[in-house]
>>> print(open('protein_24.txt').read())   # compact mmCIF, C-alpha atoms
# COMPACT_ATOMS: atom_id res chain seq x y z
CA MET Q 1 24.33 18.98 -0.22
CA SER Q 2 24.93 15.27 -0.58
CA GLU Q 3 28.52 15.09 -1.79
CA ASN Q 4 30.54 12.91 0.60
CA LYS Q 5 28.17 13.53 3.49
CA PHE Q 6 26.72 10.73 5.56
CA MET Q 7 23.21 10.04 6.81
CA HIS Q 8 21.48 7.54 9.08
CA ALA Q 9 20.00 4.46 7.40
CA ILE Q 10 18.32 1.30 8.68
CA GLY Q 11 18.80 -1.91 6.75
CA PHE Q 12 20.31 -5.39 6.76
CA PHE Q 13 22.78 -7.60 4.95
CA GLU Q 14 20.70 -10.77 4.98
CA GLY Q 15 17.05 -11.69 5.33
CA LEU Q 16 16.72 -12.91 8.92
CA PRO Q 17 13.83 -13.56 11.35
CA ILE Q 18 12.64 -10.31 12.87
CA ASP Q 19 13.83 -11.29 16.38
CA ASP Q 20 17.41 -11.73 15.14
CA PRO Q 21 19.62 -8.82 16.32
CA GLN Q 22 20.78 -8.32 12.71
CA SER Q 23 17.30 -8.28 11.11
CA PHE Q 24 17.49 -4.47 11.13
CA ILE Q 25 20.59 -2.49 12.03
CA ASP Q 26 21.42 1.20 12.27
CA GLU Q 27 24.13 2.18 9.78
CA LYS Q 28 25.63 5.18 8.05
CA GLU Q 29 25.36 5.64 4.29
CA LEU Q 30 26.32 8.41 1.89
CA ILE Q 31 23.52 10.86 1.17
CA PRO Q 32 22.34 10.06 -2.40
CA THR Q 33 22.82 12.53 -5.23
CA PRO Q 34 19.50 13.17 -7.00
CA GLY Q 35 19.25 12.34 -10.71
CA SER Q 36 17.82 14.73 -13.27
CA ARG Q 37 14.14 13.90 -12.50
CA ASP Q 38 14.74 13.14 -8.80
CA LEU Q 39 13.77 14.85 -5.61
CA LEU Q 40 16.01 14.50 -2.58
CA VAL Q 41 13.63 14.11 0.34
CA LYS Q 42 14.41 14.42 4.04
CA VAL Q 43 12.22 11.63 5.42
CA LYS Q 44 9.98 12.47 8.39
CA ALA Q 45 7.72 9.39 8.68
CA VAL Q 46 7.56 5.89 7.20
CA SER Q 47 5.02 3.10 7.21
CA VAL Q 48 5.63 -0.65 7.29
CA ASN Q 49 3.89 -2.93 4.78
CA PRO Q 50 3.72 -6.69 4.21
CA VAL Q 51 5.96 -6.25 1.15
CA ASP Q 52 8.77 -5.14 3.48
CA THR Q 53 8.63 -8.53 5.18
CA LYS Q 54 8.49 -10.46 1.91
CA LEU Q 55 11.49 -8.66 0.46
CA ARG Q 56 13.50 -8.85 3.68
CA GLN Q 57 12.89 -12.56 4.16
CA GLY Q 58 13.87 -13.27 0.55
CA THR Q 59 17.19 -11.39 0.70
CA LEU Q 60 20.29 -13.58 0.41
CA LYS Q 61 23.48 -12.63 2.24
CA ARG Q 62 25.13 -9.65 0.57
CA ASN Q 63 27.88 -7.12 1.09
CA ALA Q 64 25.86 -3.94 0.53
CA LEU Q 65 23.30 -2.73 3.04
CA ARG Q 66 19.74 -3.25 1.80
CA VAL Q 67 17.41 -0.40 2.71
CA LEU Q 68 13.68 -0.99 2.34
CA GLY Q 69 10.69 1.22 3.14
CA PHE Q 70 7.80 1.92 0.76
CA ASP Q 71 5.79 4.72 2.28
CA ALA Q 72 7.16 8.10 3.23
CA VAL Q 73 6.36 11.69 4.03
CA GLY Q 74 9.12 14.23 3.97
CA GLU Q 75 10.48 17.58 2.85
CA VAL Q 76 12.15 18.22 -0.50
CA VAL Q 77 15.67 19.51 0.20
CA ALA Q 78 17.12 19.35 -3.34
CA VAL Q 79 15.84 18.78 -6.89
CA GLY Q 80 17.36 17.42 -10.08
CA LYS Q 81 17.96 19.75 -13.02
CA GLU Q 82 14.93 18.50 -14.99
CA VAL Q 83 12.40 18.46 -12.15
CA GLU Q 84 9.23 20.30 -13.16
CA LYS Q 85 6.55 19.83 -10.49
CA PHE Q 86 8.28 20.38 -7.15
CA ARG Q 87 10.61 22.76 -5.42
CA VAL Q 88 12.74 22.83 -2.27
CA GLY Q 89 10.56 23.06 0.82
CA ASP Q 90 7.63 21.10 -0.57
CA ARG Q 91 6.07 18.51 1.76
CA VAL Q 92 5.53 15.35 -0.25
CA PHE Q 93 4.41 11.73 0.07
CA TYR Q 94 5.00 8.65 -2.06
CA ALA Q 95 5.35 4.87 -2.08
CA GLY Q 96 8.67 4.64 -3.91
CA THR Q 97 9.97 1.66 -5.84
CA THR Q 98 11.65 -1.69 -5.23
CA THR Q 99 14.38 -0.79 -7.74
CA ARG Q 100 16.09 1.80 -5.48
CA ALA Q 101 16.92 2.22 -1.82
CA GLY Q 102 13.75 2.83 0.18
CA SER Q 103 12.51 5.30 2.76
CA ASN Q 104 14.20 3.75 5.81
CA GLN Q 105 16.99 6.29 5.41
CA GLU Q 106 17.36 9.91 6.40
CA TYR Q 107 17.49 11.22 2.82
CA GLN Q 108 15.93 9.47 -0.16
CA ALA Q 109 16.21 10.13 -3.89
CA VAL Q 110 12.86 9.52 -5.59
CA ASN Q 111 11.60 10.21 -9.11
CA GLU Q 112 9.20 13.15 -9.15
CA ARG Q 113 6.72 11.28 -11.36
CA ILE Q 114 5.68 8.97 -8.48
CA VAL Q 115 5.40 11.76 -5.90
CA ALA Q 116 2.60 14.15 -4.88
CA LEU Q 117 2.22 16.98 -2.42
CA ALA Q 118 1.16 15.49 0.92
CA PRO Q 119 -2.37 16.18 2.18
CA GLU Q 120 -2.27 19.51 3.99
CA LYS Q 121 -4.81 18.51 6.63
CA LEU Q 122 -3.08 15.28 7.66
CA SER Q 123 -0.11 14.93 10.01
CA ASP Q 124 3.09 13.34 8.74
CA GLU Q 125 2.08 10.07 10.39
CA GLU Q 126 -1.46 10.12 8.99
CA ALA Q 127 -0.19 10.82 5.49
CA ALA Q 128 2.58 8.21 5.65
CA ALA Q 129 -0.03 5.50 6.17
CA LEU Q 130 -1.59 6.13 2.75
CA PRO Q 131 0.58 5.87 -0.39
CA LEU Q 132 1.25 2.16 -1.02
CA THR Q 133 -2.17 0.92 0.02
CA ALA Q 134 -3.95 3.81 -1.70
CA LEU Q 135 -2.13 3.20 -4.99
CA THR Q 136 -2.84 -0.53 -4.79
CA ALA Q 137 -6.53 0.11 -4.18
CA TYR Q 138 -6.74 2.83 -6.83
CA GLU Q 139 -5.09 0.71 -9.51
CA LEU Q 140 -7.24 -2.33 -8.77
CA LEU Q 141 -10.51 -0.38 -8.82
CA PHE Q 142 -9.96 2.18 -11.54
CA GLU Q 143 -7.37 0.60 -13.83
CA LYS Q 144 -7.90 -3.16 -13.56
CA PHE Q 145 -11.65 -3.19 -12.84
CA GLY Q 146 -12.23 -0.23 -15.17
CA LEU Q 147 -14.37 1.76 -12.75
CA ILE Q 148 -14.68 5.51 -13.24
CA PRO Q 149 -12.55 7.49 -10.72
CA GLU Q 150 -15.20 10.12 -10.06
CA GLU Q 151 -17.56 10.68 -7.16
CA LYS Q 152 -20.75 8.56 -7.41
CA ALA Q 153 -19.93 7.67 -11.02
CA ASN Q 154 -20.46 3.92 -10.54
CA GLN Q 155 -23.82 3.75 -8.78
CA GLY Q 156 -25.83 0.58 -9.36
CA LYS Q 157 -22.73 -1.63 -9.18
CA SER Q 158 -21.60 -3.79 -6.28
CA ILE Q 159 -18.32 -5.12 -4.92
CA LEU Q 160 -17.32 -7.83 -2.47
CA VAL Q 161 -14.08 -7.09 -0.61
CA ILE Q 162 -12.40 -10.00 1.15
CA ASN Q 163 -10.16 -8.88 4.04
CA GLY Q 164 -11.83 -5.51 4.18
CA ALA Q 165 -10.27 -4.20 7.40
CA GLY Q 166 -6.60 -4.54 6.43
CA GLY Q 167 -4.36 -1.82 5.04
CA VAL Q 168 -5.46 -2.06 1.39
CA GLY Q 169 -9.06 -2.94 2.22
CA SER Q 170 -9.44 0.08 4.48
CA ILE Q 171 -8.56 2.39 1.58
CA LEU Q 172 -10.24 0.40 -1.18
CA ASN Q 173 -13.57 0.50 0.67
CA GLN Q 174 -13.36 4.28 0.97
CA LEU Q 175 -12.54 4.76 -2.70
CA ALA Q 176 -15.30 2.35 -3.73
CA HIS Q 177 -17.78 4.23 -1.51
CA TRP Q 178 -16.70 7.57 -2.97
CA ALA Q 179 -17.08 6.14 -6.48
CA GLY Q 180 -20.66 5.04 -5.76
CA LEU Q 181 -20.48 1.26 -5.34
CA GLU Q 182 -22.49 -0.81 -2.89
CA ILE Q 183 -19.91 -2.57 -0.71
CA TYR Q 184 -19.94 -5.96 0.97
CA ALA Q 185 -16.74 -6.63 2.94
CA THR Q 186 -15.44 -9.37 5.22
CA ALA Q 187 -13.69 -8.97 8.55
CA SER Q 188 -13.87 -10.17 12.12
CA PRO Q 189 -17.06 -8.93 13.84
CA LYS Q 190 -14.91 -6.90 16.25
CA ASN Q 191 -13.89 -4.79 13.22
CA PHE Q 192 -17.39 -4.19 11.85
CA GLU Q 193 -17.47 -0.68 13.31
CA TRP Q 194 -14.25 0.11 11.44
CA LEU Q 195 -15.71 -1.30 8.20
CA GLU Q 196 -18.70 0.99 8.52
CA LYS Q 197 -16.39 3.93 9.24
CA VAL Q 198 -14.56 3.32 5.95
CA GLY Q 199 -17.74 3.15 3.89
CA VAL Q 200 -18.83 -0.50 3.91
CA ASP Q 201 -22.58 -0.96 3.50
CA HIS Q 202 -22.72 -4.61 4.55
CA PRO Q 203 -20.04 -6.02 6.91
CA LEU Q 204 -19.69 -9.82 6.67
CA ASP Q 205 -18.18 -12.18 9.24
CA TYR Q 206 -15.23 -13.87 7.57
CA HIS Q 207 -15.75 -16.93 9.78
CA GLU Q 208 -19.10 -17.59 8.11
CA ASP Q 209 -19.90 -19.06 4.69
CA LEU Q 210 -19.77 -16.20 2.20
CA LYS Q 211 -22.49 -17.50 -0.05
CA ALA Q 212 -24.89 -17.95 2.86
CA SER Q 213 -24.04 -14.50 4.24
CA LEU Q 214 -24.81 -12.82 0.94
CA ARG Q 215 -28.00 -14.81 0.42
CA ALA Q 216 -29.19 -13.69 3.84
CA LEU Q 217 -28.98 -10.17 2.43
CA GLY Q 218 -30.86 -11.18 -0.70
CA VAL Q 219 -27.74 -11.09 -2.87
CA HIS Q 220 -26.45 -13.88 -5.11
CA GLU Q 221 -23.88 -12.12 -7.31
CA VAL Q 222 -21.82 -8.94 -7.40
CA ASN Q 223 -20.09 -7.08 -10.22
CA TYR Q 224 -16.63 -7.06 -8.67
CA ILE Q 225 -14.71 -9.15 -6.16
CA ALA Q 226 -11.48 -7.87 -4.62
CA VAL Q 227 -9.65 -10.68 -2.84
CA LEU Q 228 -7.08 -9.01 -0.58
CA PHE Q 229 -5.87 -12.35 0.76
CA ASP Q 230 -4.71 -15.70 -0.63
CA ILE Q 231 -7.37 -16.37 -3.25
CA THR Q 232 -6.87 -20.14 -3.12
CA ARG Q 233 -8.69 -20.17 0.21
CA TYR Q 234 -11.74 -18.45 -1.26
CA LEU Q 235 -11.93 -19.54 -4.90
CA ASP Q 236 -14.50 -22.30 -4.40
CA GLN Q 237 -16.74 -19.86 -2.52
CA ILE Q 238 -16.53 -16.98 -4.98
CA LYS Q 239 -16.60 -18.89 -8.29
CA TYR Q 240 -20.33 -18.43 -8.68
CA MET Q 241 -20.66 -15.03 -6.99
CA VAL Q 242 -19.50 -12.79 -9.84
CA LYS Q 243 -21.88 -11.51 -12.49
CA PRO Q 244 -21.27 -11.97 -16.23
CA PHE Q 245 -18.72 -9.46 -17.55
CA GLY Q 246 -17.58 -8.83 -13.99
CA HIS Q 247 -14.08 -8.70 -12.56
CA VAL Q 248 -12.22 -10.64 -9.88
CA GLY Q 249 -8.87 -9.29 -8.70
CA THR Q 250 -6.26 -10.11 -6.11
CA ILE Q 251 -3.08 -8.58 -4.74
CA VAL Q 252 -1.58 -11.64 -3.03
CA GLY Q 253 0.74 -14.10 -4.78
CA ILE Q 254 -0.21 -17.77 -4.84
CA GLN Q 255 1.81 -20.96 -4.49
CA GLU Q 256 -0.41 -23.29 -6.52
CA PRO Q 257 -2.40 -23.16 -9.77
CA ILE Q 258 -6.01 -22.02 -9.69
CA ASP Q 259 -8.81 -23.07 -12.02
CA ILE Q 260 -10.80 -20.10 -13.31
CA SER Q 261 -12.28 -21.87 -16.34
CA GLU Q 262 -15.78 -21.43 -14.86
CA TRP Q 263 -15.51 -17.73 -15.69
CA LYS Q 264 -14.71 -18.16 -19.38
CA ASN Q 265 -18.28 -18.29 -20.70
CA LEU Q 266 -19.27 -15.49 -18.34
CA SER Q 267 -16.59 -13.22 -19.84
CA VAL Q 268 -15.37 -12.57 -16.30
CA SER Q 269 -11.92 -10.96 -16.15
CA PHE Q 270 -9.27 -11.98 -13.63
CA ASP Q 271 -6.88 -9.23 -12.59
CA TRP Q 272 -3.56 -9.20 -10.75
CA GLU Q 273 -2.56 -5.98 -9.02
CA TYR Q 274 1.04 -5.32 -8.03
CA MET Q 275 1.72 -1.67 -7.28
CA PHE Q 276 5.44 -1.88 -8.07
CA ALA Q 277 4.93 -3.34 -11.56
CA LYS Q 278 4.92 0.16 -13.06
CA THR Q 279 8.21 1.28 -11.56
CA ASP Q 280 9.77 -2.18 -12.00
CA HIS Q 281 9.14 -1.91 -15.76
CA ASP Q 282 9.08 1.88 -16.27
CA TYR Q 283 5.47 1.73 -17.40
CA ALA Q 284 3.22 4.79 -17.07
CA VAL Q 285 4.91 5.68 -13.78
CA GLU Q 286 3.52 9.22 -13.86
CA THR Q 287 0.04 7.78 -13.22
CA GLN Q 288 1.10 6.99 -9.66
CA GLY Q 289 1.91 10.60 -8.91
CA GLN Q 290 -1.42 11.58 -10.47
CA ALA Q 291 -3.32 9.02 -8.38
CA LEU Q 292 -1.67 10.29 -5.20
CA GLU Q 293 -2.75 13.83 -6.12
CA LEU Q 294 -6.35 12.58 -6.06
CA ILE Q 295 -5.78 10.75 -2.77
CA ALA Q 296 -4.41 13.95 -1.20
CA LYS Q 297 -7.36 15.96 -2.53
CA LEU Q 298 -9.89 13.48 -1.12
CA ALA Q 299 -8.10 13.47 2.23
CA ASP Q 300 -8.10 17.25 2.43
CA GLU Q 301 -11.80 17.32 1.52
CA GLY Q 302 -12.58 14.83 4.30
CA LYS Q 303 -13.80 12.21 1.82
CA LEU Q 304 -11.01 9.80 2.70
CA ILE Q 305 -9.65 9.20 6.20
CA THR Q 306 -6.24 7.95 7.13
CA THR Q 307 -5.91 4.28 8.00
CA LEU Q 308 -3.26 4.99 10.63
CA SER Q 309 -3.80 2.84 13.72
CA LYS Q 310 -0.44 2.78 15.54
CA VAL Q 311 2.58 5.09 15.77
CA TYR Q 312 6.12 4.75 17.08
CA ALA Q 313 6.87 8.46 17.30
CA ASP Q 314 10.17 8.60 19.19
CA GLY Q 315 12.45 8.14 16.21
CA ILE Q 316 13.11 6.19 13.02
CA ASN Q 317 15.62 3.56 14.08
CA ALA Q 318 16.21 -0.19 13.97
CA THR Q 319 14.48 -0.82 17.29
CA ASN Q 320 11.24 0.87 16.27
CA LEU Q 321 11.28 -0.60 12.77
CA LYS Q 322 11.65 -4.08 14.25
CA GLN Q 323 8.69 -3.54 16.53
CA ALA Q 324 6.52 -2.09 13.77
CA THR Q 325 7.47 -4.99 11.52
CA LYS Q 326 6.52 -7.44 14.26
CA ASP Q 327 3.11 -5.80 14.39
CA VAL Q 328 2.66 -6.30 10.64
CA GLU Q 329 4.00 -9.86 10.68
CA GLY Q 330 1.49 -10.73 13.39
CA GLY Q 331 -1.12 -10.62 10.62
CA HIS Q 332 -3.95 -8.96 12.53
CA MET Q 333 -3.22 -5.25 12.12
CA LEU Q 334 -6.24 -3.00 11.77
CA GLY Q 335 -5.07 -0.29 9.41
CA LYS Q 336 -1.42 0.80 9.28
CA VAL Q 337 1.56 1.24 11.60
CA VAL Q 338 3.92 4.20 11.18
CA VAL Q 339 7.35 5.11 12.55
CA SER Q 340 8.20 8.81 12.78
CA GLY Q 341 10.57 11.34 14.28
CA PRO Q 342 14.28 11.95 13.75
CA PHE Q 343 16.62 9.22 12.54
CA ASN Q 344 18.24 8.63 15.92
CA GLY Q 345 19.69 5.13 15.84
CA GLY Q 346 23.34 4.17 15.90
CA GLU Q 347 26.30 6.43 16.46
CA PRO Q 348 26.07 10.20 15.92
CA LEU Q 349 27.17 11.39 12.49
CA GLU Q 350 30.47 13.20 12.38
>>> encode(input="protein_24.txt", output="structure tokens")
Amino acid sequence: MSENKFMHAIGFFEGLPIDDPQSFIDEKELIPTPGSRDLLVKVKAVSVNPVDTKLRQGTLKRNALRVLGFDAVGEVVAVGKEVEKFRVGDRVFYAGTTTRAGSNQEYQAVNERIVALAPEKLSDEEAAALPLTALTAYELLFEKFGLIPEEKANQGKSILVINGAGGVGSILNQLAHWAGLEIYATASPKNFEWLEKVGVDHPLDYHEDLKASLRALGVHEVNYIAVLFDITRYLDQIKYMVKPFGHVGTIVGIQEPIDISEWKNLSVSFDWEYMFAKTDHDYAVETQGQALELIAKLADEGKLITTLSKVYADGINATNLKQATKDVEGGHMLGKVVVSGPFNGGEPLE
């Protein structure tokens, strides 16, 4: 269907401040032709993530339109000749890859190995809020930390989650709760109710001293620490909070060296998590599709709730993507923001 036919796409030619008229623009692009393992997906809903901002802001002036977007729900409208798991008409969700054009376009080609059937009991918007943050949380907990991805399989272990009410934290807490951990998580007190809703046992005020807050609960150390924020701001506080043979992990890049020598004689492991590392380097990419299958199953069983908090439902276009991106760049989003509806920006397609 894609030969020489055009579609709507939203992108940019240079990384500009979000208020610049050219930060996102409505354009026309050729519908991509799916490769042998690709699905061609008609996109119905997309979510905005902090990585969108980082990649946009770092883009130098170029001649080709750059299309981002790393969460999507849509319908399979064509499949490559070697596709095994999906067929036309399937409703799917995925986080995509930084190595190809993203989901901010009407039709997207995506490798079937990083795709799963979308949760049946969630709306397009609810499902679109999940993939990137769910994969990040899953990989940190069950691959980097080595926890067992089964219900109540990790009882007796504890985790401290810093920035527990954000996009990744809101999923990570739920997965940790499902897996049986006791959870301590930081947020603003106004978000404590949300923390409890997503499975946190002990909400902690991020304004307060972490060590003192834990001691008030009779706790001195935990098995795992997930720092979902710039770790340099917390390292001095958490250095002595992790048990021997524990794990500390983060998802946020740093601009200065950190000293983790204190953990050497404790055999504490330090873990980076970057969800796109697998697709960037073609490493075990099928595990992302498998993880999303579990996420969909848990959502349909009611054991995992969507982290959707805001929707722009009147169309996927430059105006709405700018506004959703502003929300994310404000830095205080509770959960996720999604843009849905038809691609209705720019001039009508001929």
>>> residues_around(input="protein_24.txt", residues="Q:Ile225", least_positions_apart="2", cutoff="8 Å", atoms="all atoms listed in the file", output="list in words")
Ile159, Leu160, Val161, Ile162, Val222, Asn223, Val227, Val242, His247, Val248 and Gly249 of chain Q
>>> residues_around(input="protein_24.txt", residues="Q:Pro17", least_positions_apart="5", cutoff="10 Å", atoms="only C-alpha atoms", output="number ranges by chain")
Q: 22-24, 53, 56-57, 326
>>> atom_distance(input="protein_24.txt", atom1="atom CA of Q:Val92", atom2="atom CA of Q:Phe276")
18.9 Å
>>> residues_around(input="protein_24.txt", residues="stretch 25-32 of chain Q", least_positions_apart="4", cutoff="8 Å", atoms="only C-alpha atoms", output="list in words")
Ser2, Glu3, Asn4, Lys5, Phe6, Met7, His8, Ala9, Ile10, Gly11, Phe12, Pro21, Leu40, Tyr107, Gln108, Ala109, Asn317, Ala318, Gly345, Gly346 and Leu349 of chain Q
>>> atom_distance(input="protein_24.txt", atom1="atom CA of Q:Ser188", atom2="atom CA of Q:Tyr274")
25.5 Å
>>> closest_atom_pairs(input="protein_24.txt", of="stretch 78-161 of chain Q", to="stretch 280-287 of chain Q", cutoff="7 Å", atoms="all atoms listed in the file", output="tab-separated table")
residue	atom	partner	partner_atom	distance
Q:Thr99	CA	Q:Asp280	CA	6.4
Q:Arg113	CA	Q:Glu286	CA	4.6
Q:Ile114	CA	Q:Glu286	CA	5.8
>>> atom_distance(input="protein_24.txt", atom1="atom CA of Q:Asp38", atom2="atom CA of Q:Phe93")
13.7 Å
>>> residues_around(input="protein_24.txt", residues="Q:Gln174", least_positions_apart="5", cutoff="12 Å", atoms="all atoms listed in the file", output="PyMOL selection string")
chain Q and resi 133-134+137-138+141+151-152+161+164-165+167-169+179-183+185+194-201+295+298-299+302-307
>>> residues_around(input="protein_24.txt", residues="stretch 58-74 of chain Q", least_positions_apart="2", cutoff="6 Å", atoms="all atoms listed in the file", output="VMD selection string")
chain Q and resid 11 to 15 41 to 47 55 to 56 91 to 96 101 to 104 124 128 131
>>> closest_residue(input="protein_24.txt", among="Q:Gly289, Q:Pro348, Q:Ala118, Q:Ser123", to="Q:Leu308", atoms="all atoms listed in the file")
Q:Ser123
